[in-house]
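For reference, the structure is listed below as structure tokens.
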Amino acid sequence: MQQSGGASETEVTWDDQQNINKFGRLNNRLHELEDEIKIAKEANENFEDASNELILTDEEVVRFQIGEVFAHVPKDEVETRIEKMQETTAKHLEKLNDEKESIVAQMAELKKILYAKFKDSINLEED
């Protein structure tokens, strides 16, 4: 890799290339995680909305979507199912956030290593 402005050439070793590749893979996974987190948050909000609507209804039997079909299910059972879905989604969201924190930390460490060696010759920032 050559520095701009005619400065001295910086050799890219096999380890450097592995670090660059690892950074790229982590960056891709970070973007995937951000999308998954967004979807999980939306699902959690939808469960919360459904739970609130269920509180407002006077009916003892409500329509509940199972797959692509709506079934008539007792209100108490629907409340229990929604609570379980919220718990599952919340746990999944927590796991995704933990993984995101881990990836951000790994990327920061790789940035330090790569910027220390290549300085302005490498750009690891997103525009």
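Scheme for the structure tokens: letters A, B, ... for chains in order shown; per-chain residue numbers from 1; ligand numbers from 1 in order shown.
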Exercise for review: Please provide the set of residues having any atom within 12 Å of Arg25 of chain A, restricted to only C-alpha atoms, with same-chain residues fewer than 5 positions apart removed, written as number ranges by chain.
Suggested key: A: 18-20, 30-32, 103, 106-107, 110
Atoms kept (N, CA and C atoms) for selection, written as a tab-separated table (two decimals), in the first residue's frame:
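Once written, again31.tsv looks like this:
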chain	number	residue	atom	x	y	z
A	18	GLN	N	-5.07	-9.72	7.13
A	18	GLN	CA	-6.03	-10.46	7.93
A	18	GLN	C	-6.83	-9.50	8.83
A	19	ASN	N	-6.13	-8.52	9.40
A	19	ASN	CA	-6.82	-7.52	10.24
A	19	ASN	C	-7.79	-6.68	9.42
A	20	ILE	N	-7.39	-6.30	8.21
A	20	ILE	CA	-8.27	-5.52	7.34
A	20	ILE	C	-9.50	-6.34	6.97
A	30	LEU	N	-21.95	-5.81	11.79
A	30	LEU	CA	-22.51	-4.70	12.54
A	30	LEU	C	-23.74	-4.14	11.83
A	31	HIS	N	-23.65	-3.99	10.52
A	31	HIS	CA	-24.80	-3.48	9.76
A	31	HIS	C	-25.97	-4.46	9.81
A	32	GLU	N	-25.67	-5.76	9.73
A	32	GLU	CA	-26.73	-6.77	9.83
A	32	GLU	C	-27.40	-6.69	11.20
A	103	ILE	N	-18.77	-6.35	18.97
A	103	ILE	CA	-18.23	-6.05	17.64
A	103	ILE	C	-17.65	-4.64	17.59
A	106	GLN	N	-14.28	-4.73	19.24
A	106	GLN	CA	-13.27	-5.37	18.38
A	106	GLN	C	-12.86	-4.46	17.24
A	107	MET	N	-13.83	-3.76	16.66
A	107	MET	CA	-13.53	-2.84	15.56
A	107	MET	C	-12.66	-1.68	16.04
A	110	LEU	N	-9.11	-2.96	16.31
A	110	LEU	CA	-8.51	-3.11	14.98
A	110	LEU	C	-8.18	-1.76	14.36
Practice item. Apply DSSP to the backbone of this structure and, from chain A, keep only the residues in helix (DSSP H, G or I); write these as a ChimeraX atom specification. Key: /A:4-6,14-56,75-121
Practice item. Would you return as an MDAnalysis selection string the members of chain A that DSSP assigns to strand (DSSP E) on this structure's backbone? Key: chainID A and resid 61:66 69:74
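Interatomic distance, atom CA of Glu77 of chain A to atom CA of Asp49 of chain A: 16.7 Å.
Taking only C-alpha atoms, the non-local environment of Asn46 of chain A within 12 Å (same-chain residues fewer than 4 positions away omitted) comprises Ile39, Ala40, Lys41, Glu42, Ala50, Ser51, Asn52, Glu53, Ile82, Glu83, Met85, Gln86 and Thr89 of chain A.
Counting only C-alpha atoms and comparing A:Glu45, A:Ile122, A:Ala116, A:Lys100, the residue that lies closest to Asn28 of chain A is A:Lys100.
Taking atom CA of Lys91 of chain A as the reference point, atom CA of Leu54 of chain A is found at 22.8 Å.
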Practice item. Tell me, as a ChimeraX atom specification, which residues lie within 8 Å of Leu96 of chain A, counting only C-alpha atoms; anything in the same chain fewer than 2 positions away does not count. Key: /A:33,36-37,92-94,98-100
Using C-alpha atoms, can you export the residues from the last selection as a compact mmCIF listing (two decimals), in the first residue's frame?
# COMPACT_ATOMS: atom_id res chain seq x y z
CA LEU A 33 -27.11 -6.48 13.61
CA GLU A 36 -31.98 -7.05 13.19
CA ILE A 37 -32.15 -4.76 16.23
CA HIS A 92 -33.29 -11.69 21.62
CA LEU A 93 -32.89 -7.90 21.54
CA GLU A 94 -30.59 -8.01 24.57
CA ASP A 98 -24.52 -7.52 23.54
CA GLU A 99 -23.14 -8.84 20.25
CA LYS A 100 -23.17 -5.31 18.81
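Nearest residue to Ser102 of chain A among A:Asn27, A:Ser121, A:Gln17, A:Thr10 is A:Asn27, counting only C-alpha atoms.
Among A:Lys22, A:His72, A:Arg81, A:Arg63, the residue with the shortest atom-to-atom distance to Leu124 of chain A, counting only C-alpha atoms, is A:Lys22.
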Review point. What does the distance from atom CA of Ile113 of chain A to atom CA of Val12 of chain A come to in Å, to one decimal?
Key: 12.8 Å
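The residue that comes closest to Glu126 of chain A, out of A:Gly67, A:Glu59, A:Ala105, A:Gly24 and on the basis of only C-alpha atoms, is A:Gly24.
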